[in-house]
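Input: a single structure, listed below in structure tokens.
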Amino acid sequence: MKLSKAEEELMNLLWKQKKAFMKDLLDAYPEPKPAITTIATLLRRMTDKGFVAYTHVGRSREYYPLVKKKDYFSKHVNGLIKDFFNNSPGQFASFFTQETDLTREELEELRKLIDNEIKKR
């Protein structure tokens, strides 16, 4: 299952805080802040989807992520490669390196990362 843009934004705040009450999440938003009811709705949807859970602390709920950020985005990127690049990591890499404004230094850093992964395998 995927998160909407608004849910991803909230999930990023929760990943950063690891655990948070609704007020903490509201405080973490930049201005203009969403309504507290919007955050409550997003949290309920994310809980229903299995991305977030909570524990009761008194009369409040302390929310925490059930899905790791790395796992979520790994699945997201793999889906992107499958859906838009014919399941070809090479096509994705070609598009990424040619169609983005990466500097020579950034491309060299990517090469180092790839070389290190090749050495590990």
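Chain labels A, B, ... are given in the sequence in which chains occur in the structure tokens; within each chain residues are numbered consecutively from 1, and ligands are likewise numbered from 1 in the order shown.
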
Exercise. Excluding same-chain residues fewer than 6 positions from segment 54-67 of chain A, what lies within 7 Å of it counting only C-alpha atoms, as a list in words?
Worked result: Leu14, Trp15, Lys18, Lys19, Ala20 and Phe21 of chain A

Problem set entry | DSSP-assigned alpha helix (DSSP H) members of segment 7-99 of chain A, reported as an NGL selection string | :A and (7-17 or 22-28 or 36-49 or 69-84 or 89-99)

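Atom CA of Asn78 of chain A is found 23.1 Å from atom CA of Leu13 of chain A.
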
Problem set entry | Per-residue DSSP, chain A, filtered to strand (DSSP E), as a PyMOL selection string | chain A and resi 20-21+52-57+60-65

Just to be explicit: take each residue in the selection above, keep all heavy atoms, and write the result as a CSV table (one decimal), in the first residue's frame.
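Written out: selection-v6.csv:
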chain,number,residue,atom,x,y,z
A,20,ALA,N,5.6,10.1,18.8
A,20,ALA,CA,5.2,11.5,19.0
A,20,ALA,C,3.7,11.5,19.3
A,20,ALA,O,2.9,10.7,18.8
A,20,ALA,CB,5.4,12.3,17.7
A,21,PHE,N,3.3,12.5,20.1
A,21,PHE,CA,1.9,12.8,20.3
A,21,PHE,C,1.4,13.7,19.2
A,21,PHE,O,2.2,14.3,18.5
A,21,PHE,CB,1.7,13.5,21.6
A,21,PHE,CG,2.0,12.6,22.8
A,21,PHE,CD1,3.3,12.7,23.4
A,21,PHE,CD2,1.1,11.7,23.3
A,21,PHE,CE1,3.6,11.9,24.5
A,21,PHE,CE2,1.4,10.9,24.4
A,21,PHE,CZ,2.6,11.0,25.0
A,52,VAL,N,1.2,3.0,10.8
A,52,VAL,CA,1.4,3.7,12.1
A,52,VAL,C,0.6,2.9,13.2
A,52,VAL,O,-0.5,2.3,12.9
A,52,VAL,CB,0.9,5.1,12.0
A,52,VAL,CG1,0.8,5.8,13.4
A,52,VAL,CG2,1.8,5.9,11.1
A,53,ALA,N,1.1,2.9,14.4
A,53,ALA,CA,0.4,2.4,15.5
A,53,ALA,C,0.5,3.4,16.7
A,53,ALA,O,1.2,4.4,16.5
A,53,ALA,CB,0.9,1.0,15.9
A,54,TYR,N,-0.2,3.1,17.8
A,54,TYR,CA,-0.1,4.1,18.9
A,54,TYR,C,-0.3,3.3,20.2
A,54,TYR,O,-0.8,2.2,20.2
A,54,TYR,CB,-1.1,5.2,18.8
A,54,TYR,CG,-2.6,4.7,18.7
A,54,TYR,CD1,-3.3,4.4,19.9
A,54,TYR,CD2,-3.2,4.5,17.5
A,54,TYR,CE1,-4.6,3.9,19.8
A,54,TYR,CE2,-4.5,4.0,17.4
A,54,TYR,CZ,-5.2,3.8,18.6
A,54,TYR,OH,-6.5,3.3,18.5
A,55,THR,N,0.2,3.9,21.3
A,55,THR,CA,0.0,3.4,22.6
A,55,THR,C,-0.8,4.5,23.3
A,55,THR,O,-0.6,5.7,23.1
A,55,THR,CB,1.3,3.1,23.3
A,55,THR,OG1,2.1,4.2,23.3
A,55,THR,CG2,2.0,1.9,22.7
A,56,HIS,N,-1.6,4.1,24.3
A,56,HIS,CA,-2.3,5.1,25.1
A,56,HIS,C,-1.4,5.5,26.2
A,56,HIS,O,-0.9,4.7,26.9
A,56,HIS,CB,-3.6,4.5,25.7
A,56,HIS,CG,-4.7,4.3,24.6
A,56,HIS,ND1,-5.5,5.4,24.2
A,56,HIS,CD2,-5.1,3.3,23.9
A,56,HIS,CE1,-6.3,5.0,23.3
A,56,HIS,NE2,-6.1,3.7,23.1
A,57,VAL,N,-1.3,6.8,26.4
A,57,VAL,CA,-0.6,7.4,27.5
A,57,VAL,C,-1.6,8.3,28.2
A,57,VAL,O,-1.8,9.4,27.7
A,57,VAL,CB,0.7,8.1,27.1
A,57,VAL,CG1,1.4,8.7,28.3
A,57,VAL,CG2,1.6,7.2,26.3
A,60,SER,N,-4.2,10.4,26.0
A,60,SER,CA,-3.6,10.7,24.8
A,60,SER,C,-3.0,9.5,24.1
A,60,SER,O,-2.9,8.4,24.7
A,60,SER,CB,-2.4,11.7,25.0
A,60,SER,OG,-2.9,12.9,25.5
A,61,ARG,N,-2.7,9.6,22.8
A,61,ARG,CA,-2.1,8.6,22.0
A,61,ARG,C,-0.7,9.0,21.6
A,61,ARG,O,-0.5,10.1,21.0
A,61,ARG,CB,-3.0,8.3,20.7
A,61,ARG,CG,-4.3,7.7,21.0
A,61,ARG,CD,-5.1,7.6,19.7
A,61,ARG,NE,-6.4,7.0,20.0
A,61,ARG,CZ,-7.3,6.7,19.1
A,61,ARG,NH1,-7.0,7.1,17.8
A,61,ARG,NH2,-8.4,6.2,19.4
A,62,GLU,N,0.2,8.1,21.8
A,62,GLU,CA,1.6,8.3,21.3
A,62,GLU,C,1.8,7.4,20.1
A,62,GLU,O,1.7,6.2,20.2
A,62,GLU,CB,2.6,8.0,22.4
A,62,GLU,CG,4.0,8.3,22.0
A,62,GLU,CD,5.0,8.1,23.1
A,62,GLU,OE1,4.8,7.1,23.9
A,62,GLU,OE2,5.9,8.9,23.3
A,63,TYR,N,2.0,8.1,19.0
A,63,TYR,CA,2.1,7.4,17.7
A,63,TYR,C,3.5,7.0,17.4
A,63,TYR,O,4.5,7.7,17.8
A,63,TYR,CB,1.6,8.3,16.6
A,63,TYR,CG,0.1,8.5,16.7
A,63,TYR,CD1,-0.4,9.6,17.4
A,63,TYR,CD2,-0.8,7.7,16.0
A,63,TYR,CE1,-1.8,9.8,17.5
A,63,TYR,CE2,-2.2,7.9,16.2
A,63,TYR,CZ,-2.7,8.9,16.9
A,63,TYR,OH,-4.0,9.1,17.0
A,64,TYR,N,3.7,5.9,16.7
A,64,TYR,CA,5.0,5.5,16.2
A,64,TYR,C,4.9,4.7,14.9
A,64,TYR,O,3.9,4.1,14.6
A,64,TYR,CB,5.7,4.6,17.3
A,64,TYR,CG,4.9,3.4,17.7
A,64,TYR,CD1,5.1,2.1,17.0
A,64,TYR,CD2,4.0,3.4,18.7
A,64,TYR,CE1,4.4,1.0,17.4
A,64,TYR,CE2,3.2,2.3,19.1
A,64,TYR,CZ,3.4,1.1,18.4
A,64,TYR,OH,2.7,0.0,18.7
A,65,PRO,N,5.9,4.8,14.1
A,65,PRO,CA,5.9,4.1,12.8
A,65,PRO,C,6.0,2.6,12.9
A,65,PRO,O,6.8,2.1,13.7
A,65,PRO,CB,7.1,4.7,12.0
A,65,PRO,CG,8.0,5.2,13.1
A,65,PRO,CD,7.2,5.5,14.3
